[in-house]
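Enquirer: The structure is given below, and queries will be raised subsequently.
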Amino acid sequence: MFYSEVDKDPDTYNSTRAELKVPRGARVSYARLYWGGNLRVGEQKPPEDNGRVLVAEPGGAYKEVLADTVVGHRTDAGSDAYQASADVTPLVRRGGAGMWTVAQLNIAMGHSPVGAWGGWTLVVAYEHPQEPLRRISLWDGFEQVAAGAGEAGGQTVRIEGLGAPAGSRGKAGLVAYDGDRGTLGDSLTVTADSGRRVSVSDGENPFNDVSNSTITEFGSSAFVRQPEHQNNLGYDADVFDLSPALSGGARSLNFTFTGENQGQFLGVLFVQTDARR
């Protein structure tokens with residue numbers, strides 16, 4: 001495994017670029033950048049660099065971003081994993097929509113039994129006067145989902161206080177690490193307070209291989225990335241349609257993750273649901 005280099009800058013390493021879409025007339029109310037990966041590969045990276053990246057807004061120069069949260073050294077066979085994040089709301093308000101670049105992301109290159117995986121995701125909430133009122137929840141605990149964990153032993157995240165009426169629409173976004181394409185057993189289900197349980201999946205993320213190294217929205221690649229790999233080799237950032245779980249309304253939702261046979265790491269979950277006025 002080798003670094004991606006999209007900026008052609010000899011003074012940086014591991015640079016990649018992705019598109020941020022913000023509707024015209026919207027105001028960014030919150031933005032958080034997440035990054036992380038595996039430090040234990042052929043090359044050993046110093047963990048003190050985990051909390052620093054370089055970020056460039058569309059058409060702009062790099063700015064140093066320091067993490068306000070670093071959770072590191074979640075280990076399994078072959079992995080020394082971490083996730084860091086930073087509030088970048090002012091930066092994203094100024095930079096707006098377009099291609100954002102992140103460099104100096106501290107993951108190791110080389111060879112290991114579980115791979116040299118890692119990446120970054122920018123999570124942005126916005127306000128728009130012509131869009132419906134919605135409730136947004138963001139969880140970012142970075143937890144290990146044990147190998148072979150069944151429904152009773154998986155990782156559960158509970159989102160409360162929703163008040164979503166029957167027939168509501170919604171989205172759920174997931175960032176996960178070390179999920180391998182074709183290695184079955186990992187799943188995501190959501191249970192409303194009514195007791196109805198729904199499997200969260202789509203055409204690109206099967207119900208028994210949800211963490212399969214994809215970056216998708218509703219089962220398709222809806223934005224530009226550089227490089228634009230179809231298999232992201234252990235990094236997932238997916239947005240799913242949550243509407244089937246909200247058909248009867250919901251005051252709360254339980255999201256349960258189960259792991260594939262070597263385990264994986266859950267980094268971020270965001271939930272967007274319709275709200276009553």
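Simple scheme: letters A, B, ... for chains in structure tokens order, numbers from 1 for residues in each chain, numbers from 1 for ligands in the order shown.
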For Phe255 (chain A), please output as a list in words all residues within 9 Å (counting only C-alpha atoms; exclusion window: fewer than 4 positions along the same chain).
Expert: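 In the requested format, the answer is Gln155, Thr156, Val157, Arg158, Ile159, Leu188, Thr189, Val190 and Thr191 of chain A.
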Enquirer: Counting only C-alpha atoms, which residues of region 75-181 of chain A sit at most 6 Å from some atom of region 240-249 of chain A, and what is each one's closest atom pair with its distance in Å to one decimal, listed by chain and rising residue number, as CSV?
Expert:
residue,atom,partner,partner_atom,distance
A:Ala164,CA,A:Gly249,CA,5.2
A:Pro165,CA,A:Gly249,CA,4.5
A:Ala166,CA,A:Gly249,CA,3.8
A:Gly167,CA,A:Ser247,CA,4.4
A:Ser168,CA,A:Leu246,CA,5.6
A:Arg169,CA,A:Ser243,CA,4.5
A:Gly170,CA,A:Leu242,CA,4.8
A:Lys171,CA,A:Leu242,CA,4.7
A:Ala172,CA,A:Phe240,CA,5.2
Enquirer: Could you take the residues named above and write them with N, CA and C atoms, as a PDB file, in the first residue's frame?
Expert:
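The resulting file, out27.pdb, is shown below:
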ATOM      1  N   ALA A 164     -40.161  11.925  15.426  1.00  0.00           N
ATOM      2  CA  ALA A 164     -40.445  11.841  13.996  1.00  0.00           C
ATOM      3  C   ALA A 164     -41.862  11.303  13.781  1.00  0.00           C
ATOM      4  N   PRO A 165     -42.708  12.011  13.033  1.00  0.00           N
ATOM      5  CA  PRO A 165     -44.077  11.520  12.794  1.00  0.00           C
ATOM      6  C   PRO A 165     -44.084  10.346  11.827  1.00  0.00           C
ATOM      7  N   ALA A 166     -45.206   9.617  11.786  1.00  0.00           N
ATOM      8  CA  ALA A 166     -45.337   8.500  10.854  1.00  0.00           C
ATOM      9  C   ALA A 166     -45.159   8.994   9.423  1.00  0.00           C
ATOM     10  N   GLY A 167     -44.486   8.182   8.622  1.00  0.00           N
ATOM     11  CA  GLY A 167     -44.242   8.553   7.239  1.00  0.00           C
ATOM     12  C   GLY A 167     -43.073   9.496   7.041  1.00  0.00           C
ATOM     13  N   SER A 168     -42.252   9.692   8.073  1.00  0.00           N
ATOM     14  CA  SER A 168     -41.112  10.607   7.974  1.00  0.00           C
ATOM     15  C   SER A 168     -40.042  10.058   7.035  1.00  0.00           C
ATOM     16  N   ARG A 169     -39.239  10.982   6.551  1.00  0.00           N
ATOM     17  CA  ARG A 169     -38.059  10.619   5.772  1.00  0.00           C
ATOM     18  C   ARG A 169     -36.813  10.866   6.616  1.00  0.00           C
ATOM     19  N   GLY A 170     -35.726  10.199   6.257  1.00  0.00           N
ATOM     20  CA  GLY A 170     -34.494  10.397   7.015  1.00  0.00           C
ATOM     21  C   GLY A 170     -33.300   9.761   6.335  1.00  0.00           C
ATOM     22  N   LYS A 171     -32.119  10.096   6.856  1.00  0.00           N
ATOM     23  CA  LYS A 171     -30.855   9.547   6.385  1.00  0.00           C
ATOM     24  C   LYS A 171     -30.033   9.094   7.581  1.00  0.00           C
ATOM     25  N   ALA A 172     -29.166   8.127   7.344  1.00  0.00           N
ATOM     26  CA  ALA A 172     -28.171   7.721   8.337  1.00  0.00           C
ATOM     27  C   ALA A 172     -26.830   7.616   7.633  1.00  0.00           C
TER      28      ALA A 172
END
Enquirer: Which residues are near Leu20 (chain A)? Cut-off 9 Å, only C-alpha atoms, ignore same chain within fewer than 5 positions. Put them as a ChimeraX atom specification.
Expert: /A:96-100,122,124,223-224
Enquirer: Work out how far apart CA of Thr12 (chain A) and CA of Val55 (chain A) are and give it in Å to one decimal.
Expert: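 Distance between the two atoms: 11.3 Å.
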Enquirer: Give the strand (DSSP E) residues of region 69-245 of chain A, as assigned by DSSP on the backbone, as a VMD selection string.
Expert: chain A and resid 69 to 76 79 to 87 98 to 103 118 to 127 134 to 139 143 to 145 155 to 159 170 to 177 187 to 192 197 to 199 215 to 217 225 to 226 235 to 241
Enquirer: Which neighbours of region 37-45 of chain A fall inside 12 Å, counting only C-alpha atoms, when residues of the same chain fewer than 3 positions from it are skipped, and could you give them as a PyMOL selection string?
Expert: chain A and resi 1-3+34+48-50+70-84+104-121+142+175-179+233-236+264-267
Enquirer: For the residues selected in the previous step, produce a file with C-alpha atoms as a PDB file, in the first residue's frame.
Expert:
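part-v8.pdb was written with the following content:
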ATOM      1  CA  MET A   1       0.000   0.000   0.000  1.00  0.00           C
ATOM      2  CA  PHE A   2       1.271   3.447  -0.992  1.00  0.00           C
ATOM      3  CA  TYR A   3       0.116   7.010  -0.374  1.00  0.00           C
ATOM      4  CA  TYR A  34     -12.810  13.216  10.896  1.00  0.00           C
ATOM      5  CA  GLU A  48       2.039  12.158  18.114  1.00  0.00           C
ATOM      6  CA  ASP A  49       1.231  13.194  14.513  1.00  0.00           C
ATOM      7  CA  ASN A  50      -2.318  11.803  14.733  1.00  0.00           C
ATOM      8  CA  VAL A  70      -8.121  12.108  19.429  1.00  0.00           C
ATOM      9  CA  VAL A  71      -9.072   8.537  20.327  1.00  0.00           C
ATOM     10  CA  GLY A  72      -6.208   6.166  19.644  1.00  0.00           C
ATOM     11  CA  HIS A  73      -4.770   2.707  20.138  1.00  0.00           C
ATOM     12  CA  ARG A  74      -7.874   0.643  19.586  1.00  0.00           C
ATOM     13  CA  THR A  75      -6.134  -2.604  18.746  1.00  0.00           C
ATOM     14  CA  ASP A  76      -6.972  -5.936  17.188  1.00  0.00           C
ATOM     15  CA  ALA A  77      -4.889  -8.501  15.275  1.00  0.00           C
ATOM     16  CA  GLY A  78      -2.559  -6.399  13.142  1.00  0.00           C
ATOM     17  CA  SER A  79      -4.141  -3.001  13.876  1.00  0.00           C
ATOM     18  CA  ASP A  80      -3.212   0.014  15.964  1.00  0.00           C
ATOM     19  CA  ALA A  81      -6.140   2.248  15.137  1.00  0.00           C
ATOM     20  CA  TYR A  82      -7.027   5.843  15.885  1.00  0.00           C
ATOM     21  CA  GLN A  83      -9.564   8.475  14.941  1.00  0.00           C
ATOM     22  CA  ALA A  84      -9.158  12.231  15.347  1.00  0.00           C
ATOM     23  CA  GLN A 104      -0.483  14.714   5.983  1.00  0.00           C
ATOM     24  CA  LEU A 105      -3.055  12.167   7.168  1.00  0.00           C
ATOM     25  CA  ASN A 106      -1.129   9.960   9.558  1.00  0.00           C
ATOM     26  CA  ILE A 107      -1.668   6.393   8.434  1.00  0.00           C
ATOM     27  CA  ALA A 108       1.105   3.930   7.657  1.00  0.00           C
ATOM     28  CA  MET A 109       1.992   2.486   4.268  1.00  0.00           C
ATOM     29  CA  GLY A 110       3.476  -0.916   3.553  1.00  0.00           C
ATOM     30  CA  HIS A 111       2.116  -4.382   4.188  1.00  0.00           C
ATOM     31  CA  SER A 112       0.251  -5.991   7.081  1.00  0.00           C
ATOM     32  CA  PRO A 113      -2.181  -8.911   7.420  1.00  0.00           C
ATOM     33  CA  VAL A 114      -5.140  -6.519   7.918  1.00  0.00           C
ATOM     34  CA  GLY A 115      -4.054  -3.843   5.439  1.00  0.00           C
ATOM     35  CA  ALA A 116      -3.014  -0.206   5.519  1.00  0.00           C
ATOM     36  CA  TRP A 117      -6.419   1.399   5.812  1.00  0.00           C
ATOM     37  CA  GLY A 118      -7.533   4.922   6.630  1.00  0.00           C
ATOM     38  CA  GLY A 119      -9.139   8.072   5.308  1.00  0.00           C
ATOM     39  CA  TRP A 120     -11.067  11.257   6.121  1.00  0.00           C
ATOM     40  CA  THR A 121     -14.666  12.463   6.023  1.00  0.00           C
ATOM     41  CA  PHE A 142     -14.791   5.325  17.758  1.00  0.00           C
ATOM     42  CA  VAL A 175     -17.898   6.056   8.856  1.00  0.00           C
ATOM     43  CA  ALA A 176     -16.180   2.737   9.639  1.00  0.00           C
ATOM     44  CA  TYR A 177     -12.669   1.288   9.424  1.00  0.00           C
ATOM     45  CA  ASP A 178     -11.223  -2.103   8.453  1.00  0.00           C
ATOM     46  CA  GLY A 179     -14.343  -3.453   6.775  1.00  0.00           C
ATOM     47  CA  LEU A 233      -9.530  -1.066   0.962  1.00  0.00           C
ATOM     48  CA  GLY A 234     -10.810  -0.817   4.511  1.00  0.00           C
ATOM     49  CA  TYR A 235     -12.472   2.615   4.654  1.00  0.00           C
ATOM     50  CA  ASP A 236     -16.246   3.173   4.555  1.00  0.00           C
ATOM     51  CA  GLN A 264     -13.717  -3.586  12.682  1.00  0.00           C
ATOM     52  CA  PHE A 265     -14.018  -0.063  14.075  1.00  0.00           C
ATOM     53  CA  LEU A 266     -17.036   2.247  14.159  1.00  0.00           C
ATOM     54  CA  GLY A 267     -16.091   5.928  13.951  1.00  0.00           C
TER      55      GLY A 267
END
Enquirer: Quick one: residues within 7 Å of region 29-33 of chain A, only C-alpha atoms, excluding same-chain residues fewer than 6 positions away - as an NGL selection string?
Expert: :A and (85-89 or 92 or 121-127)
Enquirer: Identify, on the basis of only C-alpha atoms, every residue whose closest approach to Leu269 (chain A) does not exceed 6 Å; exclude the query and any residue fewer than 4 positions from it along the same chain; express the result as a list in words.
Expert: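 Result of the neighbour search: Leu138, Trp139, Gly173 and Leu174 of chain A.
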Enquirer: Go through A:Asn232, A:Pro47, A:Gly95, A:Thr183 and flag the residue nearest Val28 (chain A), using only C-alpha atoms for the distances.
Expert: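 Nearest candidate to Val28 (chain A) out of A:Asn232, A:Pro47, A:Gly95, A:Thr183: A:Gly95.
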Enquirer: Which residues are close to Gln230 (chain A), i.e. within 10 Å by only C-alpha atoms, leaving aside same-chain residues fewer than 4 positions away? Reply as a PDB file with C-alpha atoms, in the first residue's frame.
Expert:
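Final output, saved to part-v6.pdb:
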ATOM      1  CA  SER A 213     -14.879  -0.436   1.636  1.00  0.00           C
ATOM      2  CA  THR A 214     -17.318   1.838  -0.204  1.00  0.00           C
ATOM      3  CA  ILE A 215     -17.980   5.594  -0.267  1.00  0.00           C
ATOM      4  CA  THR A 216     -21.595   5.977  -1.398  1.00  0.00           C
ATOM      5  CA  SER A 221     -21.273   7.608  -5.929  1.00  0.00           C
TER       6      SER A 221
END
Enquirer: Could you pull out the helix (DSSP H, G or I) residues of region 43-241 of chain A, going by DSSP on the backbone, and write them as a list in words?
Expert: Pro47, Glu48, Asp49, Thr89, Pro90, Leu91, Val92, Arg93, Arg94 and Gly95 of chain A
Enquirer: What does the structure give for the distance between CA of Val198 (chain A) and CA of Lys21 (chain A), in Å to one decimal?
Expert: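 About the pair CA of Val198 (chain A) and CA of Lys21 (chain A): they are 28.6 Å apart.
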Enquirer: One decimal, in Å: what's the spacing between CA of Ala275 (chain A) and CA of Asn205 (chain A)?
Expert: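 Answer for the CA of Ala275 (chain A) to CA of Asn205 (chain A) separation: 27.4 Å.
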Enquirer: Could you check the closest approach to Ser15 (chain A) for each of A:Asn212, A:Gln226, A:Thr69, A:Ser137 and tell me which residue wins, using only C-alpha atoms?
Expert: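 For Ser15 (chain A), the nearest of the candidates is A:Gln226.
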